[in-house]
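Q: As input, take structure12.csv (CSV, C-alpha atoms and all ligand atoms):
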```
chain,number,residue,atom,x,y,z
S,1,MET,CA,40.2,-1.5,-24.1
S,2,LYS,CA,40.2,1.3,-21.5
S,3,THR,CA,37.2,3.6,-21.2
S,4,ARG,CA,37.5,7.3,-20.6
S,5,ALA,CA,36.1,8.9,-17.5
S,6,PRO,CA,32.8,10.7,-18.2
S,7,TYR,CA,32.9,14.4,-18.8
S,8,PRO,CA,31.6,16.4,-15.8
S,9,ASP,CA,28.4,17.4,-17.6
S,10,GLU,CA,27.8,13.8,-18.9
S,11,GLU,CA,25.1,11.6,-17.3
S,12,PRO,CA,26.7,8.5,-15.9
S,13,LEU,CA,25.5,5.3,-17.6
S,14,PRO,CA,22.7,3.5,-15.6
S,15,TRP,CA,23.7,0.3,-13.9
S,16,TRP,CA,21.5,-1.7,-16.4
S,17,SER,CA,23.4,-0.3,-19.4
S,18,VAL,CA,24.9,-3.8,-19.9
S,19,GLY,CA,21.4,-5.1,-20.4
S,20,LEU,CA,19.1,-7.3,-18.3
S,21,TYR,CA,17.5,-10.8,-18.6
S,22,PHE,CA,13.8,-11.4,-18.2
S,23,SER,CA,11.2,-13.8,-19.5
S,24,CYS,CA,7.8,-14.1,-17.9
S,25,VAL,CA,7.1,-17.7,-16.8
S,26,MET,CA,3.4,-16.9,-16.1
S,27,CYS,CA,3.5,-17.8,-12.4
S,28,GLY,CA,0.9,-15.0,-11.8
S,29,CYS,CA,2.7,-13.7,-8.6
S,30,CYS,CA,2.7,-10.1,-9.8
S,31,CYS,CA,-1.0,-10.2,-10.6
S,32,GLY,CA,-2.3,-11.4,-7.3
S,33,GLY,CA,-1.8,-12.9,-3.9
S,34,ALA,CA,-1.1,-9.6,-2.2
S,35,PRO,CA,-2.7,-6.2,-2.1
S,36,GLY,CA,-1.6,-3.8,-4.9
S,37,THR,CA,-2.7,-1.3,-7.4
S,38,VAL,CA,-3.2,-1.5,-11.2
S,39,ARG,CA,-3.4,1.9,-12.7
S,40,PHE,CA,-4.5,2.7,-16.3
S,41,THR,CA,-5.1,5.6,-18.7
S,42,ALA,CA,-8.6,6.5,-20.1
S,43,GLN,CA,-7.6,4.8,-23.4
S,44,GLU,CA,-6.5,1.6,-21.6
S,45,GLU,CA,-9.7,1.7,-19.6
S,46,ALA,CA,-11.8,1.8,-22.8
S,47,ALA,CA,-9.7,-1.0,-24.3
S,48,MET,CA,-10.3,-3.2,-21.2
S,49,ALA,CA,-14.0,-2.5,-21.2
S,50,SER,CA,-14.1,-3.5,-24.9
S,51,ALA,CA,-12.1,-6.7,-24.1
S,52,VAL,CA,-14.7,-7.8,-21.5
S,53,GLY,CA,-17.7,-6.5,-23.6
S,54,VAL,CA,-19.1,-3.8,-21.3
S,55,ASP,CA,-19.5,-0.1,-21.6
S,56,ILE,CA,-17.4,2.3,-19.5
S,57,ASP,CA,-20.0,2.9,-16.9
S,58,ASP,CA,-20.4,-0.9,-16.3
S,59,PHE,CA,-16.7,-1.4,-16.4
S,60,ARG,CA,-16.2,1.2,-13.6
S,61,LEU,CA,-18.9,-0.3,-11.6
S,62,LEU,CA,-17.7,-3.9,-11.9
S,63,TYR,CA,-14.0,-3.7,-12.2
S,64,VAL,CA,-12.7,-0.5,-10.8
S,65,HIS,CA,-12.4,0.9,-7.3
S,66,ASN,CA,-10.5,3.9,-5.8
S,67,LYS,CA,-7.3,3.0,-4.0
S,68,TYR,CA,-5.1,5.6,-2.5
S,69,TRP,CA,-7.4,8.2,-4.0
S,70,ARG,CA,-7.1,7.1,-7.6
S,71,PRO,CA,-8.8,4.5,-9.8
S,72,SER,CA,-7.3,1.0,-9.8
S,73,LEU,CA,-8.5,-2.4,-10.9
S,74,ARG,CA,-10.5,-4.2,-8.3
S,75,GLU,CA,-9.1,-7.2,-6.4
S,76,LYS,CA,-10.8,-10.4,-5.4
S,77,SER,CA,-11.0,-11.3,-1.7
S,78,ASN,CA,-7.6,-13.2,-2.0
S,79,TYR,CA,-6.1,-10.0,-3.5
S,80,ASP,CA,-5.8,-11.5,-7.0
S,81,CYS,CA,-6.4,-8.9,-9.7
S,82,ILE,CA,-10.1,-9.0,-10.8
S,83,PHE,CA,-8.9,-10.2,-14.2
S,84,LEU,CA,-6.6,-12.9,-13.1
S,85,GLU,CA,-8.0,-16.4,-13.7
S,86,ARG,CA,-6.3,-19.5,-12.3
S,87,PRO,CA,-4.6,-21.5,-13.7
S,88,ILE,CA,-2.8,-18.4,-14.9
S,89,ARG,CA,-4.6,-16.3,-17.5
S,90,CYS,CA,-5.3,-12.6,-17.7
S,91,ARG,CA,-8.8,-12.0,-19.0
S,92,VAL,CA,-7.8,-8.7,-20.6
S,93,TYR,CA,-4.3,-9.8,-21.7
S,94,GLY,CA,-4.4,-8.2,-25.1
S,95,ALA,CA,-5.7,-5.0,-23.6
S,96,ARG,CA,-3.7,-5.0,-20.3
S,97,PRO,CA,-2.5,-1.6,-19.2
S,98,SER,CA,1.0,-0.4,-19.7
S,99,GLN,CA,1.8,-1.0,-16.0
S,100,CYS,CA,1.3,-4.7,-16.7
S,101,ARG,CA,3.0,-4.7,-20.1
S,102,THR,CA,6.1,-3.0,-18.9
S,103,PHE,CA,6.8,-4.9,-15.7
S,104,PRO,CA,9.5,-5.3,-14.5
S,105,PHE,CA,11.1,-2.5,-16.4
S,106,TRP,CA,9.7,0.2,-14.2
S,107,ARG,CA,11.7,3.3,-13.2
S,108,ASP,CA,11.6,2.5,-9.5
S,109,ILE,CA,12.6,-1.2,-10.0
S,110,LEU,CA,15.5,0.0,-12.3
S,111,SER,CA,16.6,2.6,-9.8
S,112,GLY,CA,19.3,0.2,-8.5
S,113,ARG,CA,20.6,-3.3,-8.8
S,114,TYR,CA,19.6,-4.0,-5.2
S,115,THR,CA,15.9,-3.0,-5.9
S,116,TRP,CA,15.9,-5.1,-9.1
S,117,ASP,CA,17.3,-8.1,-7.3
S,118,SER,CA,14.8,-7.6,-4.4
S,119,TYR,CA,11.9,-7.8,-6.9
S,120,ALA,CA,13.5,-10.8,-8.6
S,121,LYS,CA,13.0,-12.7,-5.3
S,122,SER,CA,9.3,-12.8,-6.0
S,123,CYS,CA,9.5,-12.8,-9.9
S,124,PRO,CA,11.1,-16.0,-11.2
S,125,GLY,CA,11.2,-14.5,-14.7
S,126,MET,CA,13.8,-11.8,-13.7
S,127,ASN,CA,17.5,-12.4,-14.3
S,128,SER,CA,16.8,-15.3,-16.7
S,129,GLY,CA,15.5,-15.9,-20.2
S,130,LYS,CA,15.4,-13.2,-22.9
S,131,TYR,CA,18.2,-10.6,-23.1
S,132,TYR,CA,17.1,-6.9,-23.2
S,133,SER,CA,19.7,-4.4,-24.3
S,134,ALA,CA,19.9,-1.0,-22.8
S,135,ASP,CA,18.2,0.5,-25.9
S,136,GLU,CA,15.3,-2.0,-25.6
S,137,ILE,CA,15.0,-1.1,-21.8
S,138,ARG,CA,14.9,2.6,-22.7
S,139,GLU,CA,12.1,2.0,-25.2
S,140,ILE,CA,10.1,0.2,-22.6
S,141,LEU,CA,10.7,3.0,-20.1
S,142,VAL,CA,9.3,5.6,-22.6
S,143,GLU,CA,6.2,3.4,-23.0
S,144,GLY,CA,5.7,2.9,-19.3
Q,1,LIG,S1,5.9,-12.6,-11.2
Q,1,LIG,FE1,7.3,-12.4,-13.0
Q,1,LIG,S2,7.3,-14.5,-14.0
Q,1,LIG,FE2,5.5,-14.4,-12.6
Q,1,LIG,S3,3.8,-13.7,-13.9
Q,1,LIG,FE3,4.7,-11.8,-13.0
Q,1,LIG,S4,6.2,-11.2,-14.5
Q,1,LIG,FE4,5.7,-13.3,-15.0
Q,2,LIG,S1,-4.8,-6.8,-15.8
Q,2,LIG,FE1,-4.0,-8.8,-16.3
Q,2,LIG,S2,-1.8,-8.6,-16.3
Q,2,LIG,FE2,-2.6,-6.8,-15.2
Q,2,LIG,S3,-2.5,-7.4,-13.0
Q,2,LIG,FE3,-4.6,-7.9,-13.8
Q,2,LIG,S4,-4.4,-10.1,-14.4
Q,2,LIG,FE4,-2.3,-9.2,-14.2
```
How does this structure look as structure tokens?
A:
Amino acid sequence: MKTRAPYPDEEPLPWWSVGLYFSCVMCGCCCGGAPGTVRFTAQEEAAMASAVGVDIDDFRLLYVHNKYWRPSLREKSNYDCIFLERPIRCRVYGARPSQCRTFPFWRDILSGRYTWDSYAKSCPGMNSGKYYSADEIREILVEG
């Protein structure tokens, strides 16, 4: 069936409107091995503190540092996230922040097929596994 051209005031469909494939294979590559930042909200900070059994003050002291002028989870000397335990396990998995839960469906990664595929080179879970429809991707974008 032919499709009509979009009306001039209509947003063109994003490149990922046909859906995308992703299933995490728990390789841990996105949680460590290179410098990065893990941002979180106040609510997420409280949830992580509770998950590791400390109060907010101790949580900040032990697990948070300022990176690029904003709080971020600390990294070990090998640049693994402070909560990454090998073999692969996140110590705060049930309370991990939205940044972690929504990867790789981030706005900047979804900005173009080229960017998505570039990230996929270091994430073996992208472009395989579970199918995400455009509606499911939109829901994750709202959460992220
Ligand atoms: S790099 Fe991809 S497959 Fe590996 S842990 Fe991260 S999300 Fe999962
Ligand atoms: S909080 Fe957990 S999921 Fe997020 S980067 Fe650290 S180890 Fe990975």
Q: Within 8 Å of (11.4, 2.6, -20.2) (file coordinates; only C-alpha atoms), which protein or nucleic acid residues are there? I'd like them as a short mmCIF file (atom, residue, chain, number, x, y, z; two decimals) with C-alpha atoms, keeping the file's coordinate frame.
A:
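selection_21.cif written:
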```cif
data_model
loop_
_atom_site.label_atom_id
_atom_site.label_comp_id
_atom_site.auth_asym_id
_atom_site.auth_seq_id
_atom_site.Cartn_x
_atom_site.Cartn_y
_atom_site.Cartn_z
CA THR S 102 6.10 -3.00 -18.90
CA PHE S 105 11.10 -2.50 -16.40
CA TRP S 106 9.70 0.20 -14.20
CA ARG S 107 11.70 3.30 -13.20
CA ILE S 137 15.00 -1.10 -21.80
CA ARG S 138 14.90 2.60 -22.70
CA GLU S 139 12.10 2.00 -25.20
CA ILE S 140 10.10 0.20 -22.60
CA LEU S 141 10.70 3.00 -20.10
CA VAL S 142 9.30 5.60 -22.60
CA GLU S 143 6.20 3.40 -23.00
CA GLY S 144 5.70 2.90 -19.30
#
```
Q: So the first atom is CA of Leu13 in chain S and the second is CA of Tyr114 in chain S; what is the distance between them in Å, to one decimal place?
A: 16.6 Å
Q: Which residues of chain S have any atom within 12 Å of an atom in ligand LIG 1 (chain Q) when counting all atoms listed in the file, and what is the closest pair of atoms for each, with the distance in Å to one decimal? Order the rows by chain and rising number and write it as a tab-separated table.
A:
```
residue	atom	partner	partner_atom	distance
S:Tyr21	CA	Q:LIG1	FE1	11.7
S:Phe22	CA	Q:LIG1	S2	8.3
S:Ser23	CA	Q:LIG1	S2	6.8
S:Cys24	CA	Q:LIG1	FE4	3.7
S:Val25	CA	Q:LIG1	S2	4.3
S:Met26	CA	Q:LIG1	S3	3.9
S:Cys27	CA	Q:LIG1	FE2	3.9
S:Gly28	CA	Q:LIG1	S3	3.8
S:Cys29	CA	Q:LIG1	S1	4.3
S:Cys30	CA	Q:LIG1	FE3	4.1
S:Cys31	CA	Q:LIG1	FE3	6.4
S:Gly32	CA	Q:LIG1	FE3	9.0
S:Gly33	CA	Q:LIG1	S1	10.6
S:Ala34	CA	Q:LIG1	S1	11.8
S:Cys81	CA	Q:LIG1	FE3	11.9
S:Leu84	CA	Q:LIG1	S3	10.5
S:Arg86	CA	Q:LIG1	S3	11.8
S:Pro87	CA	Q:LIG1	S3	11.5
S:Ile88	CA	Q:LIG1	S3	8.2
S:Arg89	CA	Q:LIG1	S3	9.5
S:Cys90	CA	Q:LIG1	S3	9.9
S:Tyr93	CA	Q:LIG1	S3	11.9
S:Gln99	CA	Q:LIG1	S4	11.2
S:Cys100	CA	Q:LIG1	S4	8.4
S:Arg101	CA	Q:LIG1	S4	9.2
S:Thr102	CA	Q:LIG1	S4	9.3
S:Phe103	CA	Q:LIG1	S4	6.4
S:Pro104	CA	Q:LIG1	S4	6.8
S:Phe105	CA	Q:LIG1	S4	10.2
S:Trp106	CA	Q:LIG1	S4	11.9
S:Trp116	CA	Q:LIG1	FE1	11.9
S:Tyr119	CA	Q:LIG1	S1	8.8
S:Ala120	CA	Q:LIG1	FE1	7.8
S:Lys121	CA	Q:LIG1	S1	9.2
S:Ser122	CA	Q:LIG1	S1	6.2
S:Cys123	CA	Q:LIG1	FE1	3.8
S:Pro124	CA	Q:LIG1	S2	5.0
S:Gly125	CA	Q:LIG1	S2	4.0
S:Met126	CA	Q:LIG1	FE1	6.6
S:Asn127	CA	Q:LIG1	FE1	10.3
S:Ser128	CA	Q:LIG1	S2	9.9
S:Gly129	CA	Q:LIG1	S2	10.4
```
Q: Can you list, as a ChimeraX atom specification, every protein, DNA or RNA residue that comes within 7 Å of Arg39 in chain S when you count only C-alpha atoms, leaving out same-chain residues fewer than 6 positions away?
A: /S:71-73,99
Q: If we count all atoms listed in the file and set the cut-off at 10 Å, which residues sit around Arg96 in chain S, ignoring sequence neighbours fewer than 5 positions away in its own chain? Please answer as a list in words.
A: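 What passes the distance filter is Val38, Phe40, Glu44, Glu45, Ala47, Met48, Ala51, Phe83, Cys90, Arg91 and Arg101 of chain S.
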Q: Mind listing whatever residues come within 10 Å of the point (24.3, 1.2, -14.6)? Use only C-alpha atoms, file coordinates, and give them as JSON, numbers by chain.
A: {"S": [12, 13, 14, 15, 16, 17, 18, 19, 110, 111, 112, 113, 134]}
Q: Take the residues from that selection and put them in a file with C-alpha atoms, as a short mmCIF file (atom, residue, chain, number, x, y, z; two decimals), keeping the file's coordinate frame.
A:
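Now in again37.cif:
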```cif
data_model
loop_
_atom_site.label_atom_id
_atom_site.label_comp_id
_atom_site.auth_asym_id
_atom_site.auth_seq_id
_atom_site.Cartn_x
_atom_site.Cartn_y
_atom_site.Cartn_z
CA PRO S 12 26.70 8.50 -15.90
CA LEU S 13 25.50 5.30 -17.60
CA PRO S 14 22.70 3.50 -15.60
CA TRP S 15 23.70 0.30 -13.90
CA TRP S 16 21.50 -1.70 -16.40
CA SER S 17 23.40 -0.30 -19.40
CA VAL S 18 24.90 -3.80 -19.90
CA GLY S 19 21.40 -5.10 -20.40
CA LEU S 110 15.50 0.00 -12.30
CA SER S 111 16.60 2.60 -9.80
CA GLY S 112 19.30 0.20 -8.50
CA ARG S 113 20.60 -3.30 -8.80
CA ALA S 134 19.90 -1.00 -22.80
#
```
Q: Go through S:Ile56, S:Asp80, S:Leu61, S:Thr41 and flag the residue nearest ligand LIG 2 (chain Q), using all atoms listed in the file for the distances.
A: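 Using all atoms listed in the file, ligand LIG 2 (chain Q) sits closest to S:Asp80.
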Q: Please measure the separation of CA of Gln43 in chain S and CA of Ala95 in chain S, giving the value in Å to one decimal.
A: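 Going from CA of Gln43 in chain S over to CA of Ala95 in chain S, I get 10.0 Å.
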Q: For atom FE2 of ligand LIG 2 (chain Q) and CA of Leu20 in chain S, quote the distance in Å rounded to one decimal.
A: 21.9 Å
